[in-house]
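Coordinates from upload18.pdb are shown below (PDB, C-alpha atoms, pLDDT in the B column).
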```pdb
ATOM      1  CA  ALA S   2      82.103  54.283   0.111  1.00 70.00           C
ATOM      2  CA  GLN S   3      78.770  52.838  -0.891  1.00 77.00           C
ATOM      3  CA  SER S   4      78.760  49.396  -2.444  1.00 88.00           C
ATOM      4  CA  VAL S   5      76.319  46.712  -3.515  1.00 94.00           C
ATOM      5  CA  SER S   6      77.112  43.001  -3.362  1.00 95.00           C
ATOM      6  CA  GLN S   7      75.321  40.313  -5.280  1.00 96.00           C
ATOM      7  CA  HIS S   8      76.548  36.986  -4.023  1.00 87.00           C
ATOM      8  CA  ASN S   9      75.340  34.742  -6.812  1.00 88.00           C
ATOM      9  CA  HIS S  10      76.995  35.449 -10.133  1.00 92.00           C
ATOM     10  CA  HIS S  11      75.446  32.558 -12.039  1.00 95.00           C
ATOM     11  CA  VAL S  12      72.323  30.617 -11.123  1.00 97.00           C
ATOM     12  CA  ILE S  13      70.838  27.701 -13.018  1.00 97.00           C
ATOM     13  CA  LEU S  14      67.360  26.479 -12.132  1.00 97.00           C
ATOM     14  CA  SER S  15      64.758  24.199 -13.599  1.00 97.00           C
ATOM     15  CA  GLU S  16      61.327  25.562 -14.394  1.00 96.00           C
ATOM     16  CA  ALA S  17      59.006  25.730 -11.366  1.00 96.00           C
ATOM     17  CA  ALA S  18      61.938  25.953  -8.949  1.00 97.00           C
ATOM     18  CA  SER S  19      61.970  28.779  -6.431  1.00 97.00           C
ATOM     19  CA  LEU S  20      64.395  31.655  -6.810  1.00 97.00           C
ATOM     20  CA  GLU S  21      66.157  33.839  -4.309  1.00 97.00           C
ATOM     21  CA  LEU S  22      68.906  36.239  -5.343  1.00 97.00           C
ATOM     22  CA  GLY S  23      70.875  37.959  -2.638  1.00 96.00           C
ATOM     23  CA  CYS S  24      71.700  41.654  -2.501  1.00 96.00           C
ATOM     24  CA  ASN S  25      73.508  43.470   0.292  1.00 96.00           C
ATOM     25  CA  TYR S  26      74.492  47.102   0.372  1.00 94.00           C
ATOM     26  CA  SER S  27      76.772  49.185   2.496  1.00 90.00           C
ATOM     27  CA  TYR S  28      75.423  52.575   3.475  1.00 83.00           C
ATOM     28  CA  GLY S  29      74.293  53.699   6.878  1.00 76.00           C
ATOM     29  CA  GLY S  30      71.694  56.223   5.833  1.00 80.00           C
ATOM     30  CA  THR S  31      68.349  56.105   4.067  1.00 83.00           C
ATOM     31  CA  VAL S  32      68.313  54.441   0.679  1.00 86.00           C
ATOM     32  CA  ASN S  33      66.005  53.672  -2.188  1.00 90.00           C
ATOM     33  CA  LEU S  34      66.445  50.139  -3.502  1.00 93.00           C
ATOM     34  CA  PHE S  35      65.854  48.671  -6.929  1.00 94.00           C
ATOM     35  CA  TRP S  36      66.036  45.465  -8.896  1.00 96.00           C
ATOM     36  CA  TYR S  37      66.584  45.744 -12.637  1.00 96.00           C
ATOM     37  CA  VAL S  38      66.397  42.960 -15.196  1.00 96.00           C
ATOM     38  CA  GLN S  39      67.991  42.627 -18.596  1.00 94.00           C
ATOM     39  CA  TYR S  40      66.469  39.988 -20.838  1.00 94.00           C
ATOM     40  CA  PRO S  41      68.632  38.718 -23.702  1.00 91.00           C
ATOM     41  CA  GLY S  42      68.886  41.379 -26.386  1.00 88.00           C
ATOM     42  CA  GLN S  43      66.834  43.900 -24.444  1.00 90.00           C
ATOM     43  CA  HIS S  44      67.417  47.044 -22.419  1.00 89.00           C
ATOM     44  CA  LEU S  45      67.711  47.183 -18.683  1.00 93.00           C
ATOM     45  CA  GLN S  46      64.256  47.571 -17.185  1.00 93.00           C
ATOM     46  CA  LEU S  47      62.930  48.124 -13.698  1.00 93.00           C
ATOM     47  CA  LEU S  48      61.615  45.003 -11.977  1.00 95.00           C
ATOM     48  CA  LEU S  49      60.657  46.517  -8.628  1.00 94.00           C
ATOM     49  CA  LYS S  50      61.597  49.232  -6.170  1.00 93.00           C
ATOM     50  CA  TYR S  51      61.479  50.023  -2.470  1.00 93.00           C
ATOM     51  CA  PHE S  52      61.219  53.515  -1.089  1.00 90.00           C
ATOM     52  CA  SER S  53      59.553  53.148   2.286  1.00 89.00           C
ATOM     53  CA  GLY S  54      56.694  51.400   4.075  1.00 92.00           C
ATOM     54  CA  ASP S  55      55.982  47.695   3.729  1.00 94.00           C
ATOM     55  CA  PRO S  56      59.394  46.016   3.409  1.00 95.00           C
ATOM     56  CA  LEU S  57      57.939  43.350   1.140  1.00 96.00           C
ATOM     57  CA  VAL S  58      57.494  44.820  -2.312  1.00 96.00           C
ATOM     58  CA  LYS S  59      55.962  43.218  -5.352  1.00 95.00           C
ATOM     59  CA  GLY S  60      57.103  43.838  -8.874  1.00 93.00           C
ATOM     60  CA  ILE S  61      56.280  42.713 -12.348  1.00 92.00           C
ATOM     61  CA  LYS S  62      56.058  39.097 -13.509  1.00 93.00           C
ATOM     62  CA  GLY S  63      55.517  37.660 -10.045  1.00 95.00           C
ATOM     63  CA  PHE S  64      58.770  38.891  -8.524  1.00 97.00           C
ATOM     64  CA  GLU S  65      59.001  40.247  -5.013  1.00 97.00           C
ATOM     65  CA  ALA S  66      61.765  41.527  -2.784  1.00 97.00           C
ATOM     66  CA  GLU S  67      62.144  41.965   0.929  1.00 96.00           C
ATOM     67  CA  PHE S  68      64.031  44.825   2.535  1.00 95.00           C
ATOM     68  CA  ILE S  69      65.655  43.863   5.835  1.00 95.00           C
ATOM     69  CA  LYS S  70      67.160  47.036   7.219  1.00 91.00           C
ATOM     70  CA  SER S  71      69.108  45.333  10.008  1.00 92.00           C
ATOM     71  CA  LYS S  72      70.853  43.128   7.469  1.00 94.00           C
ATOM     72  CA  PHE S  73      71.265  45.818   4.790  1.00 94.00           C
ATOM     73  CA  SER S  74      69.692  43.340   2.402  1.00 95.00           C
ATOM     74  CA  PHE S  75      67.161  43.482  -0.413  1.00 97.00           C
ATOM     75  CA  ASN S  76      66.782  39.936  -1.720  1.00 97.00           C
ATOM     76  CA  LEU S  77      64.776  39.117  -4.812  1.00 97.00           C
ATOM     77  CA  ARG S  78      62.420  36.143  -4.817  1.00 97.00           C
ATOM     78  CA  LYS S  79      60.059  34.308  -7.106  1.00 97.00           C
ATOM     79  CA  PRO S  80      58.163  31.195  -5.983  1.00 97.00           C
ATOM     80  CA  SER S  81      58.206  29.448  -9.351  1.00 97.00           C
ATOM     81  CA  VAL S  82      60.488  30.497 -12.206  1.00 97.00           C
ATOM     82  CA  GLN S  83      59.739  30.136 -15.872  1.00 97.00           C
ATOM     83  CA  TRP S  84      62.023  29.670 -18.853  1.00 96.00           C
ATOM     84  CA  SER S  85      61.236  33.282 -19.817  1.00 96.00           C
ATOM     85  CA  ASP S  86      62.869  34.514 -16.599  1.00 97.00           C
ATOM     86  CA  THR S  87      66.263  33.724 -18.091  1.00 97.00           C
ATOM     87  CA  ALA S  88      68.025  37.074 -17.825  1.00 97.00           C
ATOM     88  CA  GLU S  89      70.593  39.069 -15.899  1.00 96.00           C
ATOM     89  CA  TYR S  90      69.401  40.679 -12.684  1.00 97.00           C
ATOM     90  CA  PHE S  91      70.945  43.754 -11.094  1.00 97.00           C
ATOM     91  CA  CYS S  92      70.393  45.171  -7.643  1.00 96.00           C
ATOM     92  CA  ALA S  93      70.850  48.949  -7.300  1.00 94.00           C
ATOM     93  CA  VAL S  94      70.909  51.443  -4.463  1.00 91.00           C
ATOM     94  CA  ASN S  95      70.435  55.176  -4.398  1.00 86.00           C
ATOM     95  CA  ALA S  96      71.509  56.829  -1.191  1.00 77.00           C
ATOM     96  CA  LEU S  97      69.207  59.710  -0.333  1.00 69.00           C
ATOM     97  CA  SER S  98      72.052  62.061   0.337  1.00 64.00           C
ATOM     98  CA  GLY S  99      71.336  64.432  -2.482  1.00 58.00           C
ATOM     99  CA  THR S 100      74.070  63.139  -4.759  1.00 58.00           C
ATOM    100  CA  TYR S 101      71.723  61.327  -7.168  1.00 65.00           C
ATOM    101  CA  LYS S 102      74.284  58.557  -7.418  1.00 76.00           C
ATOM    102  CA  TYR S 103      73.074  55.074  -8.209  1.00 84.00           C
ATOM    103  CA  ILE S 104      75.224  52.093  -7.285  1.00 89.00           C
ATOM    104  CA  PHE S 105      74.648  48.814  -9.117  1.00 93.00           C
ATOM    105  CA  GLY S 106      75.739  45.352  -8.124  1.00 95.00           C
ATOM    106  CA  THR S 107      77.718  43.146 -10.487  1.00 95.00           C
ATOM    107  CA  GLY S 108      74.638  41.251 -11.578  1.00 96.00           C
ATOM    108  CA  THR S 109      73.394  37.651 -11.444  1.00 96.00           C
ATOM    109  CA  ARG S 110      72.935  35.654 -14.608  1.00 96.00           C
ATOM    110  CA  LEU S 111      69.938  33.377 -14.246  1.00 97.00           C
ATOM    111  CA  LYS S 112      69.381  30.510 -16.618  1.00 97.00           C
ATOM    112  CA  VAL S 113      66.131  28.586 -16.363  1.00 97.00           C
ATOM    113  CA  LEU S 114      66.064  25.185 -17.963  1.00 96.00           C
ATOM    114  CA  ALA S 115      62.840  24.142 -19.657  1.00 90.00           C
TER
ATOM    115  CA  ASP F  21      56.322  56.511 -27.793  1.00 61.00           C
ATOM    116  CA  ALA F  22      59.982  56.207 -28.568  1.00 81.00           C
ATOM    117  CA  GLY F  23      62.221  55.068 -25.773  1.00 93.00           C
ATOM    118  CA  VAL F  24      65.647  56.369 -24.928  1.00 96.00           C
ATOM    119  CA  THR F  25      67.808  56.443 -28.035  1.00 97.00           C
ATOM    120  CA  GLN F  26      71.569  56.430 -28.201  1.00 97.00           C
ATOM    121  CA  SER F  27      74.005  56.951 -31.032  1.00 96.00           C
ATOM    122  CA  PRO F  28      76.120  55.521 -32.382  1.00 97.00           C
ATOM    123  CA  THR F  29      75.387  51.868 -31.664  1.00 96.00           C
ATOM    124  CA  HIS F  30      78.983  50.778 -31.986  1.00 96.00           C
ATOM    125  CA  LEU F  31      82.215  52.723 -32.129  1.00 96.00           C
ATOM    126  CA  ILE F  32      85.842  51.746 -32.566  1.00 98.00           C
ATOM    127  CA  LYS F  33      88.559  54.198 -31.567  1.00 97.00           C
ATOM    128  CA  THR F  34      92.286  54.049 -30.897  1.00 97.00           C
ATOM    129  CA  ARG F  35      94.101  55.037 -27.756  1.00 97.00           C
ATOM    130  CA  GLY F  36      94.479  58.755 -27.296  1.00 97.00           C
ATOM    131  CA  GLN F  37      91.494  59.673 -29.434  1.00 98.00           C
ATOM    132  CA  GLN F  38      88.396  61.477 -28.264  1.00 98.00           C
ATOM    133  CA  VAL F  39      84.813  60.242 -28.521  1.00 98.00           C
ATOM    134  CA  THR F  40      81.345  61.790 -28.216  1.00 98.00           C
ATOM    135  CA  LEU F  41      78.319  59.690 -27.417  1.00 98.00           C
ATOM    136  CA  ARG F  42      74.777  60.977 -27.766  1.00 98.00           C
ATOM    137  CA  CYS F  43      71.534  60.316 -25.947  1.00 98.00           C
ATOM    138  CA  SER F  44      67.964  61.421 -26.552  1.00 97.00           C
ATOM    139  CA  PRO F  45      65.670  60.957 -23.557  1.00 97.00           C
ATOM    140  CA  ILE F  46      62.053  59.935 -23.622  1.00 95.00           C
ATOM    141  CA  SER F  47      59.852  62.894 -24.533  1.00 95.00           C
ATOM    142  CA  GLY F  48      59.020  64.867 -21.404  1.00 93.00           C
ATOM    143  CA  HIS F  49      61.935  63.511 -19.383  1.00 94.00           C
ATOM    144  CA  LYS F  50      64.244  66.179 -18.011  1.00 94.00           C
ATOM    145  CA  SER F  51      66.937  64.039 -16.414  1.00 93.00           C
ATOM    146  CA  VAL F  52      69.646  62.033 -18.131  1.00 95.00           C
ATOM    147  CA  SER F  53      72.180  59.768 -16.474  1.00 94.00           C
ATOM    148  CA  TRP F  54      75.214  58.079 -17.975  1.00 97.00           C
ATOM    149  CA  TYR F  55      76.654  54.718 -16.961  1.00 97.00           C
ATOM    150  CA  GLN F  56      79.647  52.655 -18.000  1.00 97.00           C
ATOM    151  CA  GLN F  57      79.198  48.895 -18.063  1.00 95.00           C
ATOM    152  CA  VAL F  58      82.322  46.838 -18.442  1.00 94.00           C
ATOM    153  CA  LEU F  59      81.857  43.205 -19.450  1.00 88.00           C
ATOM    154  CA  GLY F  60      80.894  41.108 -16.458  1.00 85.00           C
ATOM    155  CA  GLN F  61      80.153  44.098 -14.232  1.00 90.00           C
ATOM    156  CA  GLY F  62      77.109  46.127 -13.348  1.00 92.00           C
ATOM    157  CA  PRO F  63      76.594  49.649 -14.675  1.00 95.00           C
ATOM    158  CA  GLN F  64      78.823  52.243 -13.028  1.00 94.00           C
ATOM    159  CA  PHE F  65      77.399  55.711 -12.561  1.00 92.00           C
ATOM    160  CA  ILE F  66      79.240  58.455 -14.441  1.00 95.00           C
ATOM    161  CA  PHE F  67      76.994  61.538 -14.445  1.00 92.00           C
ATOM    162  CA  GLN F  68      73.481  62.724 -13.913  1.00 92.00           C
ATOM    163  CA  TYR F  69      72.073  65.894 -15.462  1.00 93.00           C
ATOM    164  CA  TYR F  70      68.771  67.495 -14.624  1.00 92.00           C
ATOM    165  CA  GLU F  71      67.484  70.650 -16.236  1.00 91.00           C
ATOM    166  CA  LYS F  72      70.883  71.107 -17.907  1.00 92.00           C
ATOM    167  CA  GLU F  73      72.769  71.104 -14.628  1.00 92.00           C
ATOM    168  CA  GLU F  74      75.077  68.399 -13.333  1.00 91.00           C
ATOM    169  CA  ARG F  75      73.430  66.819 -10.291  1.00 88.00           C
ATOM    170  CA  GLY F  76      75.728  63.887  -9.671  1.00 86.00           C
ATOM    171  CA  ARG F  77      79.144  62.611 -10.641  1.00 89.00           C
ATOM    172  CA  GLY F  78      80.696  59.188 -10.159  1.00 89.00           C
ATOM    173  CA  ASN F  79      84.322  58.264  -9.602  1.00 90.00           C
ATOM    174  CA  PHE F  80      85.588  58.880 -13.120  1.00 95.00           C
ATOM    175  CA  PRO F  81      88.588  60.963 -14.199  1.00 97.00           C
ATOM    176  CA  ASP F  82      88.277  64.422 -15.677  1.00 96.00           C
ATOM    177  CA  ARG F  83      88.701  62.905 -19.130  1.00 97.00           C
ATOM    178  CA  PHE F  84      84.992  62.186 -18.873  1.00 98.00           C
ATOM    179  CA  SER F  85      82.639  65.114 -19.339  1.00 97.00           C
ATOM    180  CA  ALA F  86      79.041  65.583 -20.311  1.00 97.00           C
ATOM    181  CA  ARG F  87      76.444  68.197 -20.989  1.00 96.00           C
ATOM    182  CA  GLN F  88      72.719  68.467 -21.439  1.00 97.00           C
ATOM    183  CA  PHE F  89      71.099  70.616 -24.067  1.00 97.00           C
ATOM    184  CA  PRO F  90      67.938  72.750 -23.863  1.00 96.00           C
ATOM    185  CA  ASN F  91      65.959  69.927 -25.512  1.00 95.00           C
ATOM    186  CA  TYR F  92      67.234  67.630 -22.687  1.00 96.00           C
ATOM    187  CA  SER F  93      69.355  65.492 -24.985  1.00 97.00           C
ATOM    188  CA  SER F  94      72.843  64.826 -23.731  1.00 98.00           C
ATOM    189  CA  GLU F  95      76.370  64.137 -24.869  1.00 98.00           C
ATOM    190  CA  LEU F  96      79.094  62.220 -23.090  1.00 98.00           C
ATOM    191  CA  ASN F  97      82.655  63.071 -24.087  1.00 98.00           C
ATOM    192  CA  VAL F  98      85.698  61.015 -23.292  1.00 98.00           C
ATOM    193  CA  ASN F  99      89.155  62.424 -24.065  1.00 97.00           C
ATOM    194  CA  ALA F 100      92.503  60.675 -24.347  1.00 97.00           C
ATOM    195  CA  LEU F 101      90.926  57.238 -24.633  1.00 98.00           C
ATOM    196  CA  LEU F 102      92.518  54.325 -22.814  1.00 97.00           C
ATOM    197  CA  LEU F 103      92.089  50.619 -23.488  1.00 97.00           C
ATOM    198  CA  GLY F 104      90.192  50.392 -20.223  1.00 96.00           C
ATOM    199  CA  ASP F 105      87.512  52.734 -21.539  1.00 97.00           C
ATOM    200  CA  SER F 106      86.215  49.911 -23.730  1.00 97.00           C
ATOM    201  CA  ALA F 107      82.722  49.281 -22.444  1.00 97.00           C
ATOM    202  CA  LEU F 108      79.013  49.620 -23.058  1.00 96.00           C
ATOM    203  CA  TYR F 109      77.901  53.166 -22.287  1.00 98.00           C
ATOM    204  CA  LEU F 110      74.324  53.397 -21.133  1.00 97.00           C
ATOM    205  CA  CYS F 111      72.082  56.396 -20.989  1.00 97.00           C
ATOM    206  CA  ALA F 112      69.002  56.502 -18.781  1.00 95.00           C
ATOM    207  CA  SER F 113      66.297  59.129 -18.625  1.00 94.00           C
ATOM    208  CA  SER F 114      63.711  59.969 -16.009  1.00 91.00           C
ATOM    209  CA  PHE F 115      61.074  62.635 -15.611  1.00 89.00           C
ATOM    210  CA  ALA F 116      62.807  64.276 -12.672  1.00 82.00           C
ATOM    211  CA  GLY F 117      66.226  63.991 -11.141  1.00 74.00           C
ATOM    212  CA  ASP F 118      65.466  62.077  -7.975  1.00 76.00           C
ATOM    213  CA  SER F 119      65.365  58.326  -7.497  1.00 72.00           C
ATOM    214  CA  TYR F 120      61.601  58.323  -6.917  1.00 77.00           C
ATOM    215  CA  ASN F 121      61.244  58.599 -10.662  1.00 78.00           C
ATOM    216  CA  GLU F 122      61.894  55.447 -12.670  1.00 84.00           C
ATOM    217  CA  GLN F 123      64.937  55.453 -14.901  1.00 88.00           C
ATOM    218  CA  PHE F 124      64.453  54.158 -18.431  1.00 92.00           C
ATOM    219  CA  PHE F 125      67.566  52.807 -20.093  1.00 94.00           C
ATOM    220  CA  GLY F 126      68.636  53.016 -23.695  1.00 96.00           C
ATOM    221  CA  PRO F 127      70.296  50.230 -25.673  1.00 95.00           C
ATOM    222  CA  GLY F 128      73.772  51.604 -25.100  1.00 96.00           C
ATOM    223  CA  THR F 129      76.772  52.465 -27.236  1.00 97.00           C
ATOM    224  CA  ARG F 130      79.434  49.796 -27.453  1.00 97.00           C
ATOM    225  CA  LEU F 131      82.853  51.517 -27.449  1.00 98.00           C
ATOM    226  CA  THR F 132      85.950  49.546 -28.351  1.00 97.00           C
ATOM    227  CA  VAL F 133      89.333  51.172 -27.846  1.00 97.00           C
ATOM    228  CA  LEU F 134      92.232  49.558 -29.718  1.00 96.00           C
TER
END
```

Entire entry expressed as structure tokens:
Amino acid sequence: AQSVSQHNHHVILSEAASLELGCNYSYGGTVNLFWYVQYPGQHLQLLLKYFSGDPLVKGIKGFEAEFIKSKFSFNLRKPSVQWSDTAEYFCAVNALSGTYKYIFGTGTRLKVLA
Amino acid sequence: DAGVTQSPTHLIKTRGQQVTLRCSPISGHKSVSWYQQVLGQGPQFIFQYYEKEERGRGNFPDRFSARQFPNYSSELNVNALLLGDSALYLCASSFAGDSYNEQFFGPGTRLTVL
């Protein structure tokens, strides 16, 4: 069965610190990969996505993620976080097997201290 | 433009009852997906509908059913409610049914089963 693991459940950083959130998935075939963010009191929204091509993808608000196929990983990074990045971050996978089934990780709560 | 809307916002039911949740997609979007998000977990995929047909189903019992109407709005029905059905139910819409189209999430319906 497909699954997505996010290793960090809670992360606390000071402003200007660098961020890396881990995401690993289990599925042997071709996948589309996503990071979603949920700011306090807001809806889930797409941060970035990977379909194919350059494994380093850039999203909104200075976030980027790197797809490493051999490690089944899609880690999210930001060089310098801001207080406004405080949110919950979810990694998601859609296996391109025709089932249109999205699998989300359990999420990482990030708190950035001003 | 209005985003994805869901009704009701909150709902309290007792065990054994039935509930219907409603979702209106963004204008022009033909696909609707439903997710269950239990506290502390990521969204779990329940169903996807595209052009009024079921395109994907997650690992949920037959007590869960859904449909999509000609105007692309959707209903999620849950019969014989259990305490464990207490969760935030999210609806997401996209233009088409594949994962190359961004999903836009609604605010959710918070269901409490007593």

Atom CA of Gln57 of chain F sits from atom CA of Arg87 of chain F at a separation of 19.7 Å

>> Evaluate the PyMOL selection byres ((chain F) within 10 of (chain S)) against this structure - the residues, as a PyMOL selection string, please.
In response: chain F and resi 24+53+55+57-69+74-78+110+112+117-120+122-128

Expanded to explicit residues, what is the PyMOL selection byres ((chain S and resi 74) around 12) for this file, as a tab-separated table (two decimals) with C-alpha atoms, in the frame of the given file?
```
chain	number	residue	atom	x	y	z
S	4	SER	CA	78.76	49.40	-2.44
S	5	VAL	CA	76.32	46.71	-3.52
S	6	SER	CA	77.11	43.00	-3.36
S	7	GLN	CA	75.32	40.31	-5.28
S	8	HIS	CA	76.55	36.99	-4.02
S	22	LEU	CA	68.91	36.24	-5.34
S	23	GLY	CA	70.88	37.96	-2.64
S	24	CYS	CA	71.70	41.65	-2.50
S	25	ASN	CA	73.51	43.47	0.29
S	26	TYR	CA	74.49	47.10	0.37
S	27	SER	CA	76.77	49.18	2.50
S	28	TYR	CA	75.42	52.58	3.48
S	32	VAL	CA	68.31	54.44	0.68
S	33	ASN	CA	66.00	53.67	-2.19
S	34	LEU	CA	66.44	50.14	-3.50
S	35	PHE	CA	65.85	48.67	-6.93
S	51	TYR	CA	61.48	50.02	-2.47
S	56	PRO	CA	59.39	46.02	3.41
S	57	LEU	CA	57.94	43.35	1.14
S	66	ALA	CA	61.76	41.53	-2.78
S	67	GLU	CA	62.14	41.96	0.93
S	68	PHE	CA	64.03	44.82	2.54
S	69	ILE	CA	65.66	43.86	5.84
S	70	LYS	CA	67.16	47.04	7.22
S	71	SER	CA	69.11	45.33	10.01
S	72	LYS	CA	70.85	43.13	7.47
S	73	PHE	CA	71.26	45.82	4.79
S	75	PHE	CA	67.16	43.48	-0.41
S	76	ASN	CA	66.78	39.94	-1.72
S	77	LEU	CA	64.78	39.12	-4.81
S	92	CYS	CA	70.39	45.17	-7.64
S	93	ALA	CA	70.85	48.95	-7.30
S	94	VAL	CA	70.91	51.44	-4.46
```

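The spacing separating atom CA of Gly48 of chain F from atom CA of Phe115 of chain F amounts to 6.5 Å.
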
Q: Name the residues that the PyMOL selection byres ((chain S and resi 86) around 8) picks from the file above, as a list in words, using the file's chain letters and numbers.
A: Tyr40, Val82, Gln83, Trp84, Ser85, Thr87, Ala88, Leu111, Lys112 and Val113 of chain S

Worksheet item: Which residue out of F:Leu103, F:Gln37, F:Tyr92, F:Trp54 has the minimum interatomic distance to Phe80 of chain F when all atoms listed in the file are used?
Response: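 Comparing F:Leu103, F:Gln37, F:Tyr92, F:Trp54 against Phe80 of chain F, the winner is F:Trp54.
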
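Taking atom CA of Thr40 of chain F as the reference point, atom CA of Glu95 of chain F is found at 6.4 Å.
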
### Query
Of the candidates F:Leu134, F:Cys111, F:Pro90, F:Asn121, which shows the shortest atom-to-atom distance to Thr34 of chain F, using only C-alpha atoms?
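The shortest atom-to-atom distance to Thr34 of chain F comes from F:Leu134.
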
Shortest interatomic distance to Leu31 of chain F - which of F:Ser114, F:Asn91, F:Ser51, F:Ser106, counting only C-alpha atoms
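Residue with the minimum atom-to-atom distance to Leu31 of chain F: F:Ser106.
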